[in-house]
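Student: Could you have a look at this structure, given as structure tokens, before my questions?
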Amino acid sequence: MRRTLFESLSHGPLTEAPPAPDKAALAELAKSVDRAARARLGRSLSIREVDAGSCNGCELEIHALNNAFYDLERFGFHFVASPRHADVLMVTGPVTKNMREALLRTYNATPDPKWVVAVGACAVDGGIFAGSYAVAGGVKDVVPVDLHIRGCPPSPTELLKGLLALLESSNRKARV
Amino acid sequence: MALLDNIPHETVGSHRPWPRAAVAEAGWKKAIDRLAQGKCTLLGLWGDGSEVHMALLDGKAGDIAVVSYACKDGKFPSVAARHPPALRLERAISSLFGLEAAGSPDPRSWLDLGFWDLRHPLGKRKPAGKREPYVFLPVEGEALHQIPVGPVHAGIIEPGHFRFTANGERVVRLEQRLGYVHKGIESLMAGASLKDAAALAGRTSGDSTVAYAFAFARAAEAALQVEPPRRAAYLRALAAELERLANHFGDIGAICNDASFALMHAQCGILRERTLRAAEACFGHRLMMDVIAPGGVACDLAPKGAAAARALVAEVRKVFPRLIELYDNTASLQDRTVTTGIVRADYARQFGAGGYVGRAAGRSFDTRRDLCYAPYDELKFEVPVLEAGDVNARVWIRIREVEQSLSLVEQILDALPAGKIKTAFKSSSRACEGMGLAEAFRGDVMVWLRLDGKGRVARCHLRDASWFQWPLLEVAIEDNIVADFPICNKSFNCSYSGHDL
């Protein structure tokens, strides 16, 4: 174990420079992130991830955000286990009818102020699962969405761009 | 003895590569006898209009057969009444098709949680009635308490419901209720073009997108009698082995993380990321979605792909042995994994548990070896098997499989044939049926397909390995402490989406 630890120290961090915030995301967020909310939250945002019907592909890439290359926590983002501790709900998947109620309850359990980030192509409008008897639609059809991060699945870099946009727009507004 | 011997039947034409046989009640019951006597393994059980199909496997001979029973008055003789592994499959048939398993020990709904507007979405549809409360299995005894968990779980994982009954810290019963991510994939498949259906298959379980696309392509090729070029077969296996590596790294790290050993999690996370980057360098997509298509592969190996894959193998060979040593020499970690969540060998055999769940409990089966599909018939590898059946054994199977996959990646790159990557084919003018299996990291994926005469999917059934692993998790956790459930669950890493469809 010692050898592994020492080597990790000697080869320097694997963590890569952050990408620039996504412009489209900044534009989408301009509407929803308000100053009062920002002032109360400070610099860090707690994220509660909810799989509302995804194929699990998005979850894999969201997981990757925590690895040494992307190190999401350096920006003040932190995944939490309960919606009651969360500022951001990160929702994946087409929302299945079987998950709609659970998603609504999770949303209602999240204290204000809160944002909803819909992740993945399916989360926009149901994607390739749209039209099924078992699918309620995209995330916005069930709870209000502040930001969409597209992709099938979005890569960790794309996820990071979107989340950094969330952080930046909330900071900019806070300075107004 | 061939699978269909002594089963009175009529062979159905145009089903490939294995036979399909129409049986009457006597034949159906004969097949159930075989299963109940342990002479063959249940590979799948699914509905199709007013018929039910049952796939049987003789693992040793690498032989498969499908028997089909036309329901009378919407009923078929229950398989689960004599062979428990069929139970959830039967309950799903009943919920999705409205076909009743006569004599079933448990007729409760499965997948249908009462939130749809209709009932029997794949059979004779009718409007949903009032939602009935779901009755969990009864538990009786002093000092028992229940812990309901989910569908929304605490981590970044898929949704499902677990109902624990515990006596103090000890779990006396776990009952799962799944279906929350049911998207109606098989209904979307019906009428879809081959291309759209392949995309759906590739999004049945995101972590196994390559394996699903592989099995789907093989089913379509069997139905249409198309042979993909050898280069395509090799590239498919390259994608499949990269997928296996990425998932095994993720799992080994996550299992250790559930024992609060973060160092392994961090190190394995690095290897997983490197694998996904190599996959992107090879095929342009980190999870390699839509790379495999009926007829071959959709894209050739990128110019820098081979070098990236070789660099990955070299890096893993350098780092991974030390991580194995770390796993093996950390007493606090071993304390959590050794003798935890034991799967009994007879259950693994009875349920036909695939992947590391079966192989860690003495069931030596791997579709790559036992059905030896291309290109694995030309490659050398071993299928590791252990007997202990605990979390530790499931970790070790993964470790050994990582080593085998590294060797396979090298063999594939060394022997990669030149030539075309896709065989052009025309859609058949007649209805035809095909079946394909592929070895995903968690076990065998089965795809059964019927094409109509216009190049569209008439019926497609996808069966994840998880169907036969989830029930074993219920048993494995019995008598363990509640706090060991996460590590035990992670060591199974069953698919929710692949199961819920």
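Numbering starts fresh at 1 for the residues of each chain in the structure tokens, the chains themselves are lettered A, B, ... in the order given, and ligands are numbered from 1 as they appear.
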Kindly determine which residues of chain A lie within 9 Å of chain B, considering only C-alpha atoms, and give the answer as a PyMOL selection string.
Tutor: chain A and resi 1+3-5+14+48-60+62-64+66-69+79-82+93-100+102-103+106+128-129+131-135+152-153+155
Student: Just give me the gap between atom CA of B:Leu224 and atom CA of B:Asp48 in Å, one decimal is fine.
Tutor: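 Result for atom CA of B:Leu224 versus atom CA of B:Asp48: 20.0 Å, one decimal.
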Student: Could you jot down the atom CA of B:Gly38 to atom CA of B:Val79 separation for me, Å, one decimal place?
Tutor: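 Straight-line distance from atom CA of B:Gly38 to atom CA of B:Val79 works out to 13.4 Å.
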Student: Please run DSSP on the backbone and report, as number ranges by chain, all residues within stretch 47-154 of chain A that come out as helix (DSSP H, G or I).
Tutor: A: 57-64, 72-75, 83-85, 97-109, 121-125, 127-129, 139-141
Student: For the selection you just gave me, I'd like the residues written to a file as a compact mmCIF listing (two decimals), in the first residue's frame, keeping C-alpha atoms.
Tutor:
```
# COMPACT_ATOMS: atom_id res chain seq x y z
CA GLY A 57 -25.23 4.82 -19.15
CA CYS A 58 -25.55 8.36 -17.77
CA GLU A 59 -24.94 7.09 -14.23
CA LEU A 60 -21.63 5.59 -15.33
CA GLU A 61 -20.42 8.92 -16.68
CA ILE A 62 -21.73 10.85 -13.67
CA HIS A 63 -19.75 8.43 -11.51
CA ALA A 64 -16.65 9.21 -13.55
CA LEU A 72 -15.65 17.27 -9.32
CA GLU A 73 -15.29 18.14 -5.66
CA ARG A 74 -12.53 20.68 -6.35
CA PHE A 75 -15.25 23.00 -7.70
CA PRO A 83 -32.59 15.04 -1.29
CA ARG A 84 -32.98 16.90 2.01
CA HIS A 85 -29.28 17.79 1.83
CA LYS A 97 -44.40 6.05 -15.28
CA ASN A 98 -43.17 3.73 -12.56
CA MET A 99 -40.69 6.40 -11.36
CA ARG A 100 -42.78 9.53 -11.80
CA GLU A 101 -44.15 9.53 -8.27
CA ALA A 102 -40.75 8.75 -6.75
CA LEU A 103 -39.20 11.64 -8.70
CA LEU A 104 -41.93 14.03 -7.59
CA ARG A 105 -41.50 12.99 -3.99
CA THR A 106 -37.74 13.44 -4.24
CA TYR A 107 -38.27 16.89 -5.75
CA ASN A 108 -40.67 17.87 -3.00
CA ALA A 109 -38.24 16.61 -0.37
CA ALA A 121 -30.72 12.62 -24.48
CA CYS A 122 -33.64 10.73 -22.90
CA ALA A 123 -34.02 13.32 -20.14
CA VAL A 124 -34.86 15.99 -22.73
CA ASP A 125 -38.00 14.43 -24.19
CA GLY A 127 -35.32 10.17 -26.39
CA ILE A 128 -35.60 6.82 -28.12
CA PHE A 129 -38.01 5.66 -25.43
CA VAL A 139 -37.82 15.34 -16.98
CA LYS A 140 -39.45 18.71 -17.69
CA ASP A 141 -42.77 16.94 -18.12
```
Student: List as a count of residues only the protein and nucleic acid residues near B:Ala415, meaning an atom at most 10 Å away when only C-alpha atoms are counted, but skip any in the same chain fewer than 6 places from it.
Tutor: 4
Student: Set the distance at 10 Å and use only C-alpha atoms: which residues neighbour A:Leu164 once local chain neighbours fewer than 3 positions away are removed? I'd like the list as a list in words.
Tutor: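 Close residues of A:Leu164: Pro18, Pro19, Ala20, Pro21, Asp22, Ala25, Leu26, Leu72, Phe75, Phe77, Glu158, Leu159, Leu160, Lys161, Leu167, Glu168, Ser169 and Ser170 of chain A.
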Student: So that I have them on file, write out the residues from the current selection with N, CA and C atoms, as an mmCIF file, in the first residue's frame.
Tutor:
```cif
data_model
loop_
_atom_site.group_PDB
_atom_site.id
_atom_site.type_symbol
_atom_site.label_atom_id
_atom_site.label_comp_id
_atom_site.auth_asym_id
_atom_site.auth_seq_id
_atom_site.Cartn_x
_atom_site.Cartn_y
_atom_site.Cartn_z
ATOM 1 N N PRO A 18 -9.946 22.281 -15.906
ATOM 2 C CA PRO A 18 -11.384 22.247 -16.195
ATOM 3 C C PRO A 18 -11.692 22.824 -17.569
ATOM 4 N N PRO A 19 -12.740 22.327 -18.218
ATOM 5 C CA PRO A 19 -13.152 22.919 -19.498
ATOM 6 C C PRO A 19 -13.865 24.241 -19.233
ATOM 7 N N ALA A 20 -14.023 25.050 -20.286
ATOM 8 C CA ALA A 20 -14.787 26.294 -20.140
ATOM 9 C C ALA A 20 -16.260 25.944 -19.977
ATOM 10 N N PRO A 21 -16.984 26.755 -19.223
ATOM 11 C CA PRO A 21 -18.415 26.472 -19.062
ATOM 12 C C PRO A 21 -19.113 26.479 -20.412
ATOM 13 N N ASP A 22 -20.120 25.653 -20.541
ATOM 14 C CA ASP A 22 -20.850 25.528 -21.792
ATOM 15 C C ASP A 22 -21.698 26.775 -22.040
ATOM 16 N N ALA A 25 -25.467 26.296 -22.080
ATOM 17 C CA ALA A 25 -25.954 26.080 -20.724
ATOM 18 C C ALA A 25 -26.058 27.406 -19.989
ATOM 19 N N LEU A 26 -25.056 28.278 -20.204
ATOM 20 C CA LEU A 26 -25.098 29.593 -19.553
ATOM 21 C C LEU A 26 -26.360 30.347 -19.951
ATOM 22 N N LEU A 72 -14.566 16.289 -9.389
ATOM 23 C CA LEU A 72 -15.649 17.266 -9.317
ATOM 24 C C LEU A 72 -15.644 18.076 -8.021
ATOM 25 N N PHE A 75 -14.453 21.814 -7.363
ATOM 26 C CA PHE A 75 -15.249 22.996 -7.705
ATOM 27 C C PHE A 75 -16.303 23.304 -6.647
ATOM 28 N N PHE A 77 -18.632 21.036 -5.815
ATOM 29 C CA PHE A 77 -19.779 20.137 -6.000
ATOM 30 C C PHE A 77 -19.585 18.888 -5.151
ATOM 31 N N GLU A 158 -18.435 16.953 -20.833
ATOM 32 C CA GLU A 158 -19.672 17.683 -21.136
ATOM 33 C C GLU A 158 -20.477 17.948 -19.867
ATOM 34 N N LEU A 159 -20.503 16.974 -18.977
ATOM 35 C CA LEU A 159 -21.200 17.165 -17.705
ATOM 36 C C LEU A 159 -20.553 18.298 -16.915
ATOM 37 N N LEU A 160 -19.225 18.304 -16.926
ATOM 38 C CA LEU A 160 -18.481 19.311 -16.180
ATOM 39 C C LEU A 160 -18.766 20.705 -16.743
ATOM 40 N N LYS A 161 -18.795 20.805 -18.077
ATOM 41 C CA LYS A 161 -19.082 22.100 -18.711
ATOM 42 C C LYS A 161 -20.428 22.634 -18.242
ATOM 43 N N LEU A 167 -22.507 26.859 -11.922
ATOM 44 C CA LEU A 167 -21.776 27.552 -10.863
ATOM 45 C C LEU A 167 -21.512 29.003 -11.263
ATOM 46 N N GLU A 168 -21.092 29.194 -12.523
ATOM 47 C CA GLU A 168 -20.732 30.532 -12.974
ATOM 48 C C GLU A 168 -21.933 31.460 -13.008
ATOM 49 N N SER A 169 -23.052 30.981 -13.547
ATOM 50 C CA SER A 169 -24.194 31.892 -13.628
ATOM 51 C C SER A 169 -24.705 32.233 -12.239
ATOM 52 N N SER A 170 -24.615 31.285 -11.350
ATOM 53 C CA SER A 170 -25.084 31.621 -10.010
ATOM 54 C C SER A 170 -24.138 32.619 -9.349
#
```
Student: Counting only C-alpha atoms, figure out which residue out of A:Leu166, A:Gly137, A:Val143, A:Thr15 gets nearest to A:Leu29.
Tutor: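 Once distances to A:Leu29 are computed over only C-alpha atoms, the minimum belongs to A:Leu166.
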